[in-house]
Amino acid sequence: MSTRAAVLHASPWQGVFYLTGGASGFLAEVLAEPGASATVLEGQIPYAAQALSELLGTPPESACSVETARALAMAAFQRARTLGGDPAFGFACTASLATNRVKKGEHRAHAALQTADDTFTASWQFSGDRQTEETELIEHLWRMLGLTFDLPSVTSSVEAIDLARTSAIEPWRQLILGEILTHATQPHDTQLLMPGAFNPLHSAHKSMLALAEERTGFTGAFELSVANVDKPLLDYSEIEARLSQFDKPVWLTRLPTFVEKARNFPGSHFVVGVDTFSRIVEAKYYGGELGLKNALAELDELGVHFIVFGRQMAGSFKVLGDLVLPDRLRDWRLARCVEIDEQSFKEAVSSTQIRKDSSREPGLS
């Protein structure tokens, strides 16, 4: 019997747990205590790389990192809300502990807890055998839950943990809960918008928007969606970090597709790279040719335009005129798009490459 698990089950919290193998003992303790169904809506141990990728919608850049833990916690939180959790939470842990092979990196674990109001994270390093490290990690996880849920009787023998907390401002909370779809950090008329993930924001993004402002005469703003197709929502720590990069207005939205963006910002000029534009006019993203035809007709009706910049694609710099488009799309492109040629802009900077160039951590266990 676990007294601390009983205390957790007596609290009002209901959640989903996504824990990698090193934290499986924690979930076992939670489930072994009678009354677990009051707390646990679902639990998974995503050991395989494919299992982790399916939960996140894409393979993570690092299997064991604080970013991956936060993304898993948000995925768990979304799942908890779908399953009727109230109040809902998502709890996640990624761990790379001692095992039967030589580890390339430090023995470590990262945990995150997501609620409607806060994102909590904590990280630890270990130096022992597998059993010792698992025992220490389980104690850390219990202390983290006790602190975040204000359960004083959930104690542990380990020292106090360094718990990071990012609390949502009200518009962020409303976006995550789906109560609103857009929020501007500064007043802006939405006539010129540059959508993107901005992870990170870099010089090419700024140059593209500045050149688009020159071509159109409009004042530009960036647009950052907290929702991406088939991926967890951005957590509050991630929202805060990405917004801190900007000195221009940012439209924070819950609009993952361009049709949704157009519906909420009719008449806008969207600044995009040619790689993004090629996906906008590809039928497979709309379920087939009829879906694409309907989407393009709606974009016409909504009066949006695209300012299309060249990008590195397949080893060379491509501009809009290099795309091989079906005849039926050429007139649409001419009516709806402004091409920025290679002479006007050729900054081959990639957010993905910037992240890859930073240090990467090895896998989990």
# chains A, B, ... in the order shown; residues from 1 in each chain; ligands from 1
call {"tool": "residues_around", "arguments": {"residues": "range 263-271 of chain A", "least_positions_apart": "4", "cutoff": "10 Å", "atoms": "only C-alpha atoms", "output": "PDB file with C-alpha atoms, in the first residue's frame"}}
result
ATOM      1  CA  LEU A 181      -8.609  31.574 -31.615  1.00  0.00           C
ATOM      2  CA  THR A 182      -6.453  34.708 -31.804  1.00  0.00           C
ATOM      3  CA  ASP A 189      -4.509  45.579 -38.588  1.00  0.00           C
ATOM      4  CA  THR A 190      -3.746  42.014 -39.928  1.00  0.00           C
ATOM      5  CA  GLN A 191      -3.122  43.213 -43.492  1.00  0.00           C
ATOM      6  CA  LEU A 192       0.386  41.695 -43.611  1.00  0.00           C
ATOM      7  CA  LEU A 193       1.203  38.559 -41.625  1.00  0.00           C
ATOM      8  CA  MET A 194       4.161  36.185 -41.575  1.00  0.00           C
ATOM      9  CA  PRO A 195       3.167  32.788 -40.151  1.00  0.00           C
ATOM     10  CA  GLY A 196       5.790  30.458 -38.739  1.00  0.00           C
ATOM     11  CA  HIS A 205      12.486  35.866 -41.044  1.00  0.00           C
ATOM     12  CA  MET A 208      11.434  38.632 -45.366  1.00  0.00           C
ATOM     13  CA  LEU A 209       8.909  40.631 -43.375  1.00  0.00           C
ATOM     14  CA  LEU A 211      10.943  43.338 -47.681  1.00  0.00           C
ATOM     15  CA  ALA A 212       7.242  42.429 -47.732  1.00  0.00           C
ATOM     16  CA  GLU A 213       6.501  45.689 -45.911  1.00  0.00           C
ATOM     17  CA  THR A 216       3.061  46.267 -49.939  1.00  0.00           C
ATOM     18  CA  PHE A 218       1.605  47.580 -44.960  1.00  0.00           C
ATOM     19  CA  GLY A 220       3.770  43.580 -40.816  1.00  0.00           C
ATOM     20  CA  ALA A 221       3.294  41.272 -37.867  1.00  0.00           C
ATOM     21  CA  PHE A 222       4.315  37.704 -37.157  1.00  0.00           C
ATOM     22  CA  GLU A 223       1.770  34.929 -36.605  1.00  0.00           C
ATOM     23  CA  THR A 253      -3.357  31.957 -32.691  1.00  0.00           C
ATOM     24  CA  LEU A 255      -5.002  28.322 -36.445  1.00  0.00           C
ATOM     25  CA  PHE A 258      -3.860  28.424 -43.999  1.00  0.00           C
ATOM     26  CA  VAL A 259      -7.566  28.046 -44.674  1.00  0.00           C
ATOM     27  CA  THR A 276       5.368  26.327 -47.585  1.00  0.00           C
ATOM     28  CA  PHE A 277       3.526  27.528 -50.688  1.00  0.00           C
ATOM     29  CA  GLU A 298     -12.425  29.659 -50.325  1.00  0.00           C
ATOM     30  CA  LEU A 299      -9.067  31.448 -50.291  1.00  0.00           C
ATOM     31  CA  ASP A 300     -10.245  33.377 -53.373  1.00  0.00           C
ATOM     32  CA  GLU A 301     -13.498  34.295 -51.681  1.00  0.00           C
ATOM     33  CA  LEU A 302     -11.644  35.448 -48.565  1.00  0.00           C
ATOM     34  CA  GLY A 303      -9.397  37.682 -50.674  1.00  0.00           C
ATOM     35  CA  VAL A 304      -6.040  36.572 -49.313  1.00  0.00           C
ATOM     36  CA  HIS A 305      -2.720  36.899 -51.135  1.00  0.00           C
ATOM     37  CA  PHE A 306       0.674  35.237 -50.729  1.00  0.00           C
ATOM     38  CA  ILE A 307       4.061  36.920 -50.926  1.00  0.00           C
ATOM     39  CA  VAL A 308       6.326  34.001 -51.785  1.00  0.00           C
ATOM     40  CA  PHE A 309      10.043  34.001 -51.025  1.00  0.00           C
ATOM     41  CA  ARG A 336      -2.997  35.435 -55.698  1.00  0.00           C
ATOM     42  CA  CYS A 337       0.801  35.484 -55.436  1.00  0.00           C
ATOM     43  CA  VAL A 338       3.668  37.943 -55.532  1.00  0.00           C
TER      44      VAL A 338
END
call {"tool": "residues_around", "arguments": {"residues": "Ile180 in chain A", "least_positions_apart": "4", "cutoff": "8 Å", "atoms": "only C-alpha atoms", "output": "short mmCIF file (atom, residue, chain, number, x, y, z; two decimals) with C-alpha atoms, in the first residue's frame"}}
result
data_model
loop_
_atom_site.label_atom_id
_atom_site.label_comp_id
_atom_site.auth_asym_id
_atom_site.auth_seq_id
_atom_site.Cartn_x
_atom_site.Cartn_y
_atom_site.Cartn_z
CA PRO A 171 -5.23 34.87 -23.39
CA GLN A 174 -7.98 30.69 -23.45
CA LEU A 175 -6.05 29.67 -26.57
CA ARG A 254 -4.88 28.52 -32.65
#
call {"tool": "residues_around", "arguments": {"residues": "Thr132 in chain A", "least_positions_apart": "6", "cutoff": "10 Å", "atoms": "only C-alpha atoms", "output": "VMD selection string"}}
result
chain A and resid 97 to 98 126
call {"tool": "closest_residue", "arguments": {"among": "A:Gly22, A:Ala88, A:Leu113, A:Ala184", "to": "Gln131 in chain A", "atoms": "only C-alpha atoms"}}
result
A:Gly22
call {"tool": "select_by_dssp", "arguments": {"residues": "range 96-248 of chain A", "states": "helix (DSSP H, G or I)", "output": "number ranges by chain"}}
result
A: 130-148, 170-176, 203-216, 236-243
call {"tool": "write_last_selection", "arguments": {"atoms": "N, CA and C atoms", "output": "short mmCIF file (atom, residue, chain, number, x, y, z; two decimals), in the first residue's frame"}}
result
data_model
loop_
_atom_site.label_atom_id
_atom_site.label_comp_id
_atom_site.auth_asym_id
_atom_site.auth_seq_id
_atom_site.Cartn_x
_atom_site.Cartn_y
_atom_site.Cartn_z
N ARG A 130 21.35 0.95 -11.94
CA ARG A 130 20.00 1.16 -12.46
C ARG A 130 18.97 1.21 -11.33
N GLN A 131 19.04 0.28 -10.40
CA GLN A 131 18.05 0.24 -9.34
C GLN A 131 18.10 1.50 -8.49
N THR A 132 19.31 1.95 -8.16
CA THR A 132 19.45 3.16 -7.34
C THR A 132 18.90 4.37 -8.07
N GLU A 133 19.21 4.49 -9.35
CA GLU A 133 18.75 5.65 -10.12
C GLU A 133 17.23 5.64 -10.28
N GLU A 134 16.66 4.48 -10.52
CA GLU A 134 15.19 4.41 -10.63
C GLU A 134 14.52 4.80 -9.32
N THR A 135 15.07 4.32 -8.21
CA THR A 135 14.51 4.66 -6.90
C THR A 135 14.57 6.15 -6.65
N GLU A 136 15.71 6.77 -6.96
CA GLU A 136 15.85 8.21 -6.78
C GLU A 136 14.87 8.97 -7.67
N LEU A 137 14.74 8.53 -8.92
CA LEU A 137 13.83 9.22 -9.84
C LEU A 137 12.39 9.14 -9.35
N ILE A 138 11.97 7.98 -8.88
CA ILE A 138 10.60 7.85 -8.38
C ILE A 138 10.35 8.82 -7.22
N GLU A 139 11.33 8.96 -6.33
CA GLU A 139 11.18 9.88 -5.21
C GLU A 139 11.08 11.33 -5.71
N HIS A 140 11.89 11.68 -6.69
CA HIS A 140 11.83 13.03 -7.28
C HIS A 140 10.45 13.30 -7.88
N LEU A 141 9.92 12.32 -8.61
CA LEU A 141 8.63 12.51 -9.27
C LEU A 141 7.51 12.69 -8.25
N TRP A 142 7.56 11.94 -7.17
CA TRP A 142 6.55 12.13 -6.13
C TRP A 142 6.65 13.52 -5.51
N ARG A 143 7.87 13.96 -5.26
CA ARG A 143 8.02 15.30 -4.67
C ARG A 143 7.52 16.37 -5.64
N MET A 144 7.77 16.18 -6.93
CA MET A 144 7.29 17.14 -7.92
C MET A 144 5.77 17.21 -7.91
N LEU A 145 5.10 16.05 -7.88
CA LEU A 145 3.64 16.05 -7.82
C LEU A 145 3.14 16.68 -6.53
N GLY A 146 3.80 16.37 -5.44
CA GLY A 146 3.37 16.95 -4.16
C GLY A 146 3.46 18.45 -4.14
N LEU A 147 4.52 19.00 -4.76
CA LEU A 147 4.69 20.45 -4.80
C LEU A 147 3.69 21.10 -5.74
N THR A 148 3.50 20.54 -6.92
CA THR A 148 2.64 21.19 -7.91
C THR A 148 1.17 21.10 -7.52
N GLU A 170 -4.00 35.16 -19.21
CA GLU A 170 -5.34 34.69 -19.55
C GLU A 170 -5.53 34.38 -21.04
N PRO A 171 -5.03 35.22 -21.98
CA PRO A 171 -5.23 34.87 -23.39
C PRO A 171 -4.54 33.55 -23.78
N TRP A 172 -3.37 33.26 -23.19
CA TRP A 172 -2.72 31.99 -23.49
C TRP A 172 -3.59 30.83 -23.02
N ARG A 173 -4.11 30.96 -21.83
CA ARG A 173 -4.96 29.91 -21.27
C ARG A 173 -6.19 29.71 -22.16
N GLN A 174 -6.78 30.80 -22.61
CA GLN A 174 -7.98 30.69 -23.45
C GLN A 174 -7.65 30.03 -24.79
N LEU A 175 -6.47 30.31 -25.33
CA LEU A 175 -6.05 29.67 -26.57
C LEU A 175 -5.87 28.17 -26.38
N ILE A 176 -5.17 27.79 -25.32
CA ILE A 176 -4.91 26.37 -25.08
C ILE A 176 -6.22 25.61 -24.85
N SER A 203 17.47 35.86 -38.78
CA SER A 203 17.61 37.05 -39.62
C SER A 203 16.79 36.96 -40.90
N ALA A 204 16.67 35.76 -41.48
CA ALA A 204 15.91 35.64 -42.72
C ALA A 204 14.43 35.96 -42.49
N HIS A 205 13.88 35.52 -41.35
CA HIS A 205 12.49 35.87 -41.04
C HIS A 205 12.30 37.38 -41.03
N LYS A 206 13.21 38.06 -40.34
CA LYS A 206 13.09 39.52 -40.22
C LYS A 206 13.25 40.20 -41.57
N SER A 207 14.19 39.71 -42.37
CA SER A 207 14.41 40.30 -43.70
C SER A 207 13.21 40.10 -44.60
N MET A 208 12.61 38.91 -44.54
CA MET A 208 11.43 38.63 -45.37
C MET A 208 10.29 39.58 -45.03
N LEU A 209 10.02 39.76 -43.75
CA LEU A 209 8.91 40.63 -43.37
C LEU A 209 9.21 42.08 -43.74
N ALA A 210 10.46 42.51 -43.56
CA ALA A 210 10.83 43.89 -43.90
C ALA A 210 10.66 44.13 -45.40
N LEU A 211 11.08 43.18 -46.24
CA LEU A 211 10.94 43.34 -47.68
C LEU A 211 9.47 43.31 -48.09
N ALA A 212 8.68 42.47 -47.45
CA ALA A 212 7.24 42.43 -47.73
C ALA A 212 6.58 43.75 -47.37
N GLU A 213 7.03 44.38 -46.29
CA GLU A 213 6.50 45.69 -45.91
C GLU A 213 6.82 46.72 -47.00
N GLU A 214 8.04 46.66 -47.53
CA GLU A 214 8.43 47.59 -48.60
C GLU A 214 7.55 47.38 -49.84
N ARG A 215 7.29 46.13 -50.21
CA ARG A 215 6.53 45.83 -51.43
C ARG A 215 5.06 46.20 -51.29
N THR A 216 4.50 46.07 -50.10
CA THR A 216 3.06 46.27 -49.94
C THR A 216 2.67 47.62 -49.34
N TYR A 236 3.14 26.50 -22.10
CA TYR A 236 3.31 27.90 -21.71
C TYR A 236 4.78 28.32 -21.67
N SER A 237 5.68 27.42 -21.30
CA SER A 237 7.11 27.75 -21.32
C SER A 237 7.57 28.01 -22.75
N GLU A 238 7.07 27.20 -23.69
CA GLU A 238 7.46 27.37 -25.08
C GLU A 238 6.86 28.65 -25.66
N ILE A 239 5.62 28.94 -25.33
CA ILE A 239 5.00 30.19 -25.79
C ILE A 239 5.80 31.39 -25.29
N GLU A 240 6.12 31.38 -24.01
CA GLU A 240 6.87 32.49 -23.42
C GLU A 240 8.22 32.66 -24.10
N ALA A 241 8.93 31.55 -24.33
CA ALA A 241 10.26 31.62 -24.94
C ALA A 241 10.19 32.16 -26.37
N ARG A 242 9.23 31.68 -27.13
CA ARG A 242 9.16 32.13 -28.54
C ARG A 242 8.72 33.59 -28.64
N LEU A 243 7.77 33.99 -27.82
CA LEU A 243 7.33 35.39 -27.87
C LEU A 243 8.43 36.35 -27.44
#
call {"tool": "closest_residue", "arguments": {"among": "A:Pro249, A:Ala335, A:Ser65, A:Ala295", "to": "Thr219 in chain A", "atoms": "only C-alpha atoms"}}
result
A:Pro249
call {"tool": "residues_around", "arguments": {"residues": "Ala283 in chain A", "least_positions_apart": "4", "cutoff": "6 Å", "atoms": "only C-alpha atoms", "output": "ChimeraX atom specification"}}
result
/A:288-289,292
call {"tool": "write_last_selection", "arguments": {"atoms": "N, CA and C atoms", "output": "tab-separated table (two decimals), in the first residue's frame"}}
result
chain	number	residue	atom	x	y	z
A	288	GLY	N	-7.37	15.21	-51.24
A	288	GLY	CA	-7.60	14.93	-52.66
A	288	GLY	C	-7.88	16.19	-53.46
A	289	GLU	N	-8.11	16.01	-54.74
A	289	GLU	CA	-8.28	17.14	-55.66
A	289	GLU	C	-9.51	17.99	-55.33
A	292	LEU	N	-8.73	20.24	-52.40
A	292	LEU	CA	-7.87	21.35	-52.82
A	292	LEU	C	-8.67	22.39	-53.60
call {"tool": "closest_residue", "arguments": {"among": "A:Gln245, A:Thr119, A:Thr82, A:Thr58", "to": "Glu42 in chain A", "atoms": "only C-alpha atoms"}}
result
A:Thr82
call {"tool": "residues_around", "arguments": {"residues": "Ala28 in chain A", "least_positions_apart": "6", "cutoff": "12 Å", "atoms": "only C-alpha atoms", "output": "list in words"}}
result
Met1, Ser2, Ala5, Phe17, Leu19, Gly21, Gly22, Pro34, Ala36, Val40, Gly43, Gln44, Ile45 and Ile138 of chain A
